[in-house]
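Next comes target_27.txt, with compact mmCIF, C-alpha atoms.
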# COMPACT_ATOMS: atom_id res chain seq x y z
CA SER A 1 139.54 35.42 86.09
CA ASP A 2 142.52 37.54 87.19
CA LEU A 3 140.11 40.37 88.13
CA GLY A 4 141.35 42.55 85.30
CA ILE A 5 144.84 42.88 86.76
CA GLY A 6 146.39 41.30 83.69
CA GLN A 7 144.61 43.77 81.42
CA THR A 8 145.68 46.65 83.65
CA ALA A 9 149.28 45.45 83.58
CA LEU A 10 149.13 45.06 79.80
CA ARG A 11 147.71 48.55 79.37
CA TYR A 12 150.36 50.35 81.43
CA ALA A 13 153.23 48.08 80.42
CA ALA A 14 152.41 48.79 76.77
CA LYS A 15 152.31 52.53 77.53
CA THR A 16 155.75 52.49 79.12
CA SER A 17 157.13 50.21 76.41
CA ALA A 18 155.96 52.68 73.75
CA LEU A 19 157.91 55.39 75.60
CA HIS A 20 160.97 53.11 75.79
CA ASP A 21 160.94 53.23 79.58
CA GLN A 22 161.86 49.65 80.38
CA GLU A 23 162.32 50.23 84.10
CA SER A 24 158.76 51.51 84.44
CA GLN A 25 157.52 48.64 82.29
CA PHE A 26 159.19 46.11 84.60
CA ALA A 27 157.83 47.97 87.63
CA VAL A 28 154.29 47.60 86.31
CA LEU A 29 154.78 43.90 85.55
CA ARG A 30 156.24 43.19 88.99
CA TRP A 31 153.44 45.09 90.71
CA ALA A 32 150.78 43.13 88.78
CA PHE A 33 152.56 39.86 89.55
CA ARG A 34 152.68 40.61 93.30
CA LEU A 35 149.04 41.68 93.31
CA ARG A 36 147.86 38.56 91.52
CA ILE A 37 149.86 36.30 93.85
CA MET A 38 148.27 38.05 96.84
CA LEU A 39 144.78 37.62 95.40
CA ILE A 40 145.38 33.94 94.65
CA VAL A 41 146.48 33.37 98.23
CA LEU A 42 143.46 35.27 99.56
CA PHE A 43 140.96 33.43 97.35
CA SER A 44 142.59 30.09 98.13
CA ILE A 45 142.09 30.68 101.84
CA ILE A 46 138.43 31.52 101.22
CA ALA A 47 138.02 28.53 98.91
CA ILE A 48 139.54 26.14 101.45
CA ALA A 49 136.91 27.28 103.93
CA VAL A 50 133.94 27.36 101.54
CA ILE A 51 134.47 24.45 99.12
CA PRO A 52 133.81 21.65 101.65
CA VAL A 53 130.49 23.27 102.57
CA ILE A 54 129.43 23.74 98.93
CA SER A 55 130.48 20.21 97.96
CA SER A 56 128.57 18.51 100.76
CA SER A 57 125.57 20.79 101.33
CA ILE A 58 124.76 22.17 97.85
CA TRP A 59 126.19 19.69 95.35
CA HIS A 60 125.93 16.70 97.71
CA ARG A 61 129.24 15.40 96.36
CA SER A 62 131.62 15.67 99.31
CA GLU A 63 134.06 13.28 97.61
CA LEU A 64 134.89 16.07 95.14
CA THR A 65 136.19 18.40 97.84
CA TYR A 66 139.84 17.41 97.57
CA LEU A 67 139.73 17.68 93.78
CA PHE A 68 138.50 21.25 93.96
CA LEU A 69 141.17 22.07 96.50
CA LEU A 70 143.84 20.46 94.33
CA SER A 71 142.67 22.47 91.33
CA LEU A 72 143.52 25.67 93.24
CA LEU A 73 147.12 24.98 92.26
CA ILE A 74 146.11 25.52 88.63
CA SER A 75 145.20 29.13 89.48
CA PHE A 76 148.65 29.71 90.96
CA PHE A 77 150.43 28.23 87.97
CA ASN A 78 148.22 30.27 85.64
CA VAL A 79 149.53 33.43 87.33
CA LEU A 80 153.06 32.36 86.45
CA SER A 81 152.04 31.44 82.90
CA ALA A 82 150.48 34.86 82.34
CA VAL A 83 153.74 36.75 82.93
CA PRO A 84 155.35 35.90 79.56
CA ALA A 85 152.10 36.62 77.71
CA ILE A 86 151.72 40.10 79.22
CA TYR A 87 155.41 40.91 78.73
CA PHE A 88 155.54 40.01 75.04
CA GLN A 89 152.13 41.50 74.24
CA SER A 90 153.16 44.81 75.81
CA ASN A 91 156.19 44.82 73.50
CA ASN A 92 154.03 44.01 70.46
CA LYS A 93 155.83 40.68 70.03
CA PHE A 94 152.74 38.73 69.09
CA ILE A 95 154.58 35.95 67.27
CA ILE A 96 156.59 35.07 70.37
CA ASN A 97 153.42 35.34 72.46
CA SER A 98 151.63 32.97 70.07
CA ILE A 99 154.50 30.49 70.26
CA ILE A 100 154.35 30.55 74.06
CA ARG A 101 150.57 30.21 74.11
CA THR A 102 150.74 27.33 71.66
CA GLY A 103 153.46 25.67 73.70
CA GLN A 104 151.37 25.94 76.86
CA LEU A 105 148.39 24.42 75.09
CA LEU A 106 150.50 21.60 73.67
CA ILE A 107 151.82 20.75 77.11
CA SER A 108 148.25 20.64 78.44
CA PHE A 109 147.14 18.59 75.44
CA SER A 110 150.00 16.14 75.94
CA GLY A 111 148.66 15.45 79.42
CA ILE A 112 145.23 14.65 78.01
CA LEU A 113 146.85 12.54 75.29
CA ILE A 114 148.66 10.47 77.92
CA ILE A 115 145.36 9.80 79.67
CA ALA A 116 143.75 8.80 76.36
CA LEU A 117 146.58 6.42 75.44
CA THR A 118 146.57 4.76 78.86
CA ARG A 119 142.75 4.78 78.96
CA LYS A 120 142.75 6.04 82.53
CA TRP A 121 139.75 8.30 82.13
CA ASN A 122 138.51 9.49 85.50
CA ILE A 123 138.12 12.87 87.14
CA GLN A 124 140.89 12.33 89.69
CA ILE A 125 143.57 11.58 87.10
CA LEU A 126 142.30 14.36 84.83
CA VAL A 127 142.65 16.98 87.57
CA PHE A 128 146.08 15.65 88.60
CA VAL A 129 147.38 15.70 85.02
CA THR A 130 145.99 19.20 84.46
CA VAL A 131 147.79 20.44 87.58
CA CYS A 132 151.06 18.84 86.44
CA ALA A 133 150.74 20.26 82.92
CA SER A 134 150.03 23.74 84.32
CA PHE A 135 153.12 23.50 86.52
CA ILE A 136 155.38 22.42 83.64
CA SER A 137 154.12 25.07 81.21
CA SER A 138 154.43 27.85 83.80
CA VAL A 139 157.99 26.93 84.77
CA VAL A 140 159.22 26.37 81.21
CA PHE A 141 157.99 29.61 79.70
CA ILE A 142 158.53 31.95 82.61
CA LEU A 143 162.26 31.51 81.90
CA SER A 144 161.71 33.43 78.65
CA VAL A 145 161.16 36.78 80.40
CA PRO A 146 163.79 38.99 82.05
CA ARG A 147 164.19 38.45 85.78
CA LYS A 148 163.34 42.10 86.43
CA ALA A 149 159.81 41.44 85.17
CA LEU A 150 159.32 39.26 88.27
CA LEU A 151 161.72 40.38 90.98
CA SER A 152 163.96 43.33 91.70
CA SER A 153 166.00 44.65 94.60
CA ASN A 154 163.65 47.64 94.54
CA ASP A 155 160.91 45.35 95.83
CA PHE A 156 162.85 44.70 99.01
CA SER A 157 163.31 48.44 99.44
CA LEU A 158 159.55 48.87 99.23
CA TRP A 159 159.10 46.16 101.84
CA ASN A 160 161.61 47.76 104.20
CA THR A 161 160.15 51.23 103.73
CA LEU A 162 156.41 50.68 103.48
CA GLY A 163 155.90 47.09 104.64
CA PHE A 164 153.70 44.45 103.01
CA PHE A 165 151.08 46.85 101.68
CA GLY A 166 153.80 48.92 100.08
CA LEU A 167 154.36 46.05 97.66
CA LEU A 168 150.75 46.32 96.53
CA LYS A 169 150.80 50.04 95.77
CA PRO A 170 150.85 50.88 92.05
CA PRO A 171 154.23 52.04 90.71
CA CYS A 172 154.62 55.81 90.69
CA THR A 173 156.53 56.96 87.61
CA THR A 174 155.81 59.80 85.23
CA THR A 175 155.52 57.44 82.26
CA VAL A 176 152.95 55.20 83.94
CA SER A 177 150.57 58.10 84.40
CA ASN A 178 150.59 61.77 85.19
CA ASN A 179 148.65 61.11 88.35
CA ARG A 180 149.69 58.50 90.85
CA ASP A 181 146.10 57.38 91.38
CA ASN A 182 145.30 56.79 87.70
CA ILE A 183 146.58 53.25 87.56
CA GLY A 184 145.12 52.57 90.99
CA HIS A 185 141.68 53.81 89.97
CA PHE A 186 141.86 51.88 86.71
CA THR A 187 142.75 48.72 88.63
CA LEU A 188 139.85 49.21 91.02
CA TYR A 189 137.37 49.67 88.18
CA MET A 190 138.74 46.58 86.43
CA ILE A 191 138.51 44.46 89.59
CA VAL A 192 134.89 45.45 90.22
CA SER A 193 133.95 44.83 86.58
CA SER A 194 135.76 41.48 86.49
CA VAL A 195 134.05 40.22 89.65
CA VAL A 196 130.61 41.24 88.38
CA VAL A 197 131.21 39.79 84.89
CA SER A 198 132.50 36.50 86.35
CA ILE A 199 129.35 36.14 88.45
CA THR A 200 127.16 37.06 85.49
CA LEU A 201 128.75 34.49 83.19
CA GLN A 202 128.40 31.72 85.78
CA LEU A 203 124.92 32.68 86.90
CA ASP A 204 123.19 30.70 84.18
CA MET A 205 124.93 27.47 85.21
CA TRP A 206 124.15 28.02 88.89
CA LEU A 207 120.47 28.68 88.21
CA MET A 208 120.20 25.87 85.67
CA GLY A 209 121.53 23.50 88.29
CA ALA A 210 118.60 24.49 90.48
CA TYR A 211 115.87 24.61 87.82
CA LEU A 212 116.78 22.08 85.13
CA ASN A 213 117.42 18.35 84.85
CA ASN A 214 120.55 16.65 83.54
CA GLU A 215 119.14 16.32 80.03
CA GLN A 216 118.68 20.06 79.70
CA LEU A 217 122.14 20.70 81.14
CA GLY A 218 123.59 18.26 78.61
CA LEU A 219 121.90 20.09 75.74
CA TYR A 220 123.23 23.42 76.95
CA ASN A 221 126.79 22.15 77.38
CA ALA A 222 126.81 20.45 73.97
CA ALA A 223 125.49 23.60 72.30
CA GLY A 224 128.08 25.67 74.15
CA LYS A 225 130.90 23.69 72.55
CA PHE A 226 129.98 25.19 69.18
CA THR A 227 130.70 28.70 70.43
CA LEU A 228 134.37 27.80 70.98
CA PRO A 229 135.63 29.13 67.60
CA LEU A 230 133.90 32.45 68.28
CA VAL A 231 135.31 32.56 71.82
CA VAL A 232 138.82 31.94 70.51
CA LEU A 233 138.37 34.58 67.80
CA LEU A 234 137.18 37.16 70.33
CA GLY A 235 140.08 36.37 72.64
CA ALA A 236 142.58 36.71 69.79
CA ILE A 237 141.15 40.10 68.81
CA ASN A 238 141.34 41.38 72.37
CA THR A 239 144.91 40.10 72.69
CA ALA A 240 146.00 42.02 69.61
CA LEU A 241 143.91 45.11 70.37
CA TRP A 242 144.81 45.84 74.01
CA PRO A 243 148.44 46.91 73.43
CA ARG A 244 147.41 49.06 70.47
CA VAL A 245 144.67 50.72 72.51
CA SER A 246 147.14 51.40 75.32
CA ARG A 247 149.44 53.20 72.90
CA ALA A 248 146.62 55.33 71.49
CA THR A 249 146.79 58.44 73.67
CA THR A 250 145.92 61.28 71.28
CA ALA A 251 142.51 62.04 69.80
CA GLU A 252 143.82 61.40 66.29
CA GLN A 253 145.22 57.99 67.24
CA ILE A 254 141.99 56.98 68.99
CA LYS A 255 139.82 58.05 66.05
CA LYS A 256 141.99 56.17 63.57
CA LEU A 257 141.94 53.02 65.68
CA MET A 258 138.18 53.30 66.22
CA LYS A 259 137.42 53.53 62.50
CA SER A 260 139.58 50.56 61.53
CA THR A 261 138.28 48.47 64.44
CA LEU A 262 134.65 49.25 63.67
CA PHE A 263 135.10 48.26 60.03
CA PHE A 264 136.79 45.01 61.06
CA SER A 265 134.11 44.30 63.70
CA ILE A 266 131.31 44.66 61.14
CA ILE A 267 133.00 42.09 58.90
CA LEU A 268 133.40 39.74 61.87
CA PHE A 269 129.75 40.22 62.81
CA VAL A 270 128.57 39.18 59.35
CA GLY A 271 130.84 36.13 59.28
CA SER A 272 129.95 35.04 62.82
CA PHE A 273 126.25 35.54 62.11
CA LEU A 274 126.47 33.11 59.20
CA TYR A 275 128.36 30.73 61.49
CA SER A 276 125.62 30.99 64.14
CA LEU A 277 122.95 30.08 61.58
CA PHE A 278 124.57 27.04 60.00
CA PHE A 279 127.25 25.38 62.15
CA PRO A 280 125.05 24.51 65.18
CA ILE A 281 123.06 22.33 62.76
CA PHE A 282 125.89 19.80 63.14
CA ILE A 283 125.22 19.33 66.87
CA PRO A 284 123.10 16.15 66.46
CA ILE A 285 125.54 14.81 63.86
CA ILE A 286 128.44 15.07 66.30
CA PHE A 287 126.72 14.37 69.62
CA GLY A 288 123.81 12.20 68.46
CA LYS A 289 120.16 12.65 67.53
CA ARG A 290 119.09 13.08 71.14
CA PHE A 291 120.86 16.47 71.01
CA THR A 292 118.71 17.75 68.13
CA ASN A 293 116.99 20.23 70.46
CA GLY A 294 120.41 21.71 71.12
CA ILE A 295 120.53 23.26 67.63
CA ILE A 296 118.44 26.30 68.53
CA ILE A 297 120.36 26.69 71.81
CA GLY A 298 123.64 26.60 69.89
CA GLN A 299 122.36 29.21 67.46
CA ILE A 300 121.28 31.52 70.27
CA LEU A 301 124.56 31.12 72.17
CA SER A 302 126.53 31.73 68.97
CA PHE A 303 124.49 34.83 68.19
CA ARG A 304 125.44 36.17 71.61
CA TYR A 305 129.07 36.10 70.41
CA CYS A 306 128.08 37.81 67.16
CA ILE A 307 127.03 40.79 69.26
CA ALA A 308 130.21 40.51 71.32
CA LEU A 309 132.43 40.47 68.22
CA LEU A 310 130.73 43.63 66.99
CA PHE A 311 130.84 45.69 70.18
CA ILE A 312 133.54 44.37 72.54
CA PRO A 313 136.48 45.50 70.35
CA ILE A 314 134.92 48.96 70.34
CA SER A 315 134.48 48.75 74.10
CA VAL A 316 138.18 47.98 74.48
CA ILE A 317 139.00 51.22 72.68
CA GLY A 318 136.67 52.89 75.17
CA TYR A 319 139.35 52.40 77.84
CA SER A 320 141.38 55.08 76.06
CA MET A 321 138.41 57.40 76.47
CA ASP A 322 138.15 56.95 80.25
CA MET A 323 135.30 54.45 79.97
CA ALA A 324 136.66 52.22 82.74
CA LYS A 325 134.76 54.31 85.29
CA ASN A 326 131.50 53.54 83.45
CA TYR A 327 131.87 49.87 82.60
CA TRP A 328 131.53 48.66 86.21
CA TRP A 329 127.99 50.00 86.67
CA ILE A 330 127.02 48.79 83.21
CA ASN A 331 128.20 45.33 84.26
CA ILE A 332 126.06 45.50 87.40
CA ILE A 333 122.99 46.34 85.29
CA GLN A 334 123.82 43.34 83.10
CA LEU A 335 124.09 41.11 86.15
CA PHE A 336 120.60 41.99 87.34
CA ALA A 337 119.24 41.68 83.80
CA VAL A 338 120.59 38.12 83.55
CA LEU A 339 119.30 37.23 87.02
CA ILE A 340 115.79 38.48 86.30
CA SER A 341 115.59 37.01 82.81
CA ASP A 342 116.91 33.63 84.01
CA LEU A 343 114.37 33.48 86.83
CA ILE A 344 111.60 34.24 84.35
CA LEU A 345 112.74 32.19 81.35
CA LEU A 346 114.32 29.07 82.86
CA PRO A 347 111.05 27.61 84.24
CA ILE A 348 109.33 28.31 80.91
CA LEU A 349 111.94 27.64 78.22
CA GLY A 350 114.55 25.56 80.03
CA ALA A 351 118.13 25.74 78.69
CA LYS A 352 116.93 27.88 75.79
CA GLY A 353 115.94 30.52 78.35
CA ALA A 354 119.47 30.62 79.75
CA ALA A 355 120.86 31.19 76.25
CA ILE A 356 118.37 34.01 75.62
CA SER A 357 119.40 35.59 78.93
CA LEU A 358 122.99 35.80 77.73
CA VAL A 359 121.86 37.49 74.52
CA ILE A 360 119.91 40.00 76.63
CA ASN A 361 123.02 40.52 78.75
CA GLU A 362 125.23 41.18 75.74
CA SER A 363 122.65 43.43 74.08
CA ILE A 364 122.17 45.65 77.14
CA GLY A 365 125.89 46.00 77.76
CA SER A 366 126.62 46.72 74.11
CA PHE A 367 123.87 49.33 73.83
CA LEU A 368 124.88 51.23 76.96
CA SER A 369 128.61 51.07 76.18
CA ALA A 370 128.18 52.07 72.53
CA THR A 371 125.98 55.03 73.50
CA LEU A 372 128.52 56.41 75.97
CA ILE A 373 131.46 55.74 73.66
CA TYR A 374 129.72 57.54 70.80
CA LYS A 375 129.21 60.62 73.00
CA LYS A 376 132.85 60.58 74.11
CA TYR A 377 134.01 60.02 70.53
CA LYS A 378 132.12 63.14 69.39
CA GLN A 379 133.93 65.14 72.06
CA LEU A 380 137.41 64.13 70.91
Could you render the structure as structure tokens?
Amino acid sequence: SDLGIGQTALRYAAKTSALHDQESQFAVLRWAFRLRIMLIVLFSIIAIAVIPVISSSIWHRSELTYLFLLSLLISFFNVLSAVPAIYFQSNNKFIINSIIRTGQLLISFSGILIIALTRKWNIQILVFVTVCASFISSVVFILSVPRKALLSSNDFSLWNTLGFFGLLKPPCTTTVSNNRDNIGHFTLYMIVSSVVVSITLQLDMWLMGAYLNNEQLGLYNAAGKFTLPLVVLLGAINTALWPRVSRATTAEQIKKLMKSTLFFSIILFVGSFLYSLFFPIFIPIIFGKRFTNGIIIGQILSFRYCIALLFIPISVIGYSMDMAKNYWWINIIQLFAVLISDLILLPILGAKGAAISLVINESIGSFLSATLIYKKYKQL
């Protein structure tokens, strides 16, 4: 996760782009880039200190330490790869963004293809190839954006005037926001929400590692593969929706976008619900009969994304109604709901309990968010 910085950058870069203020747009992109680089460096330092302890004491696989440390490079290259995506999305150039995304995926896939052709399947080579592919894709496509989206002489002026922390302050221009603190507050809310959501989404795997055996973990992972189309669909919707939400600043624009999004979300819910009923049935056909018990897990995990496809697009529009200051505490409630439900259900239902916990998580978040958004919508 980029702690919501990418979404913040996209929001304010799209705002400035809509107002044809390219200098402010570049200022937002450079600020987000600097902030993400700083966070990667900070987290890498923490990871270098913590990973050896986790690998040896918790996972009892100390030989994996250097692989985890090597994979930190992927995070750095991902920061570089995100710059073109944010830039073109903020300008509503989704075709170019899709081409870049596809190109990045093809470069990564080519690395996997090389491993398959040489039959050198092992974790060390896989990590090394992934790092190399990330480096190539980040360098190739970052050349497609203007230099001012990354660096500017103004940055050195900030350094000379305000020092290191001056580089991390949000840009202050009238087209970014009417109040200097708006983008800063939004960023803070997004960081808190992103940290909590990241922990929540990984919590099931951490607890399953403590409570369940390898067979149950295998069932859960196999079932999770069948949610991939829904995950991709949700990501695509968010990618297209964020810039449009950022440009919706008047009550009329927000209402119009809300109505069209809600209609589209209902259609997606119906389609994804049918998918969740029937497609997980193919789990034992693809993975083998021993994965038959994974069908119900796949159906539950897929249903979780049915709820997400119905409510998350609406929640994105909520950012235009000042909902960022509410989402963080909703996410904390979801975190505790998942923790409690996992502790109760995992010993009883196994991997199925973890899947149910995620449905509970999505249901609670959707209910609370939808309730607040409805109240704010009525006040528009």
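Closest approach to Gly318 (chain A) among A:Val245, A:Ile281, A:Cys306, A:Leu368: A:Val245, based on all atoms listed in the file.
Restricting the calculation to all atoms listed in the file, the smallest distance between Phe263 (chain A) and any of A:Ile237, A:Pro347, A:Phe186, A:Ile314 is found for A:Ile314.
Using all atoms listed in the file for every distance, the candidate list A:Leu42, A:Val131, A:Val197, A:Ile37 yields A:Val197 as the residue closest to Glu362 (chain A).
Using all atoms listed in the file, the shortest contact distance between Ala355 (chain A) and any of A:Arg304, A:Lys376, A:His20, A:Lys148 is found at A:Arg304.
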Rank nothing, just name the residue among A:Phe109, A:Phe33, A:Tyr189, A:Phe68 nearest to Asp322 (chain A), using only C-alpha atoms. A:Tyr189
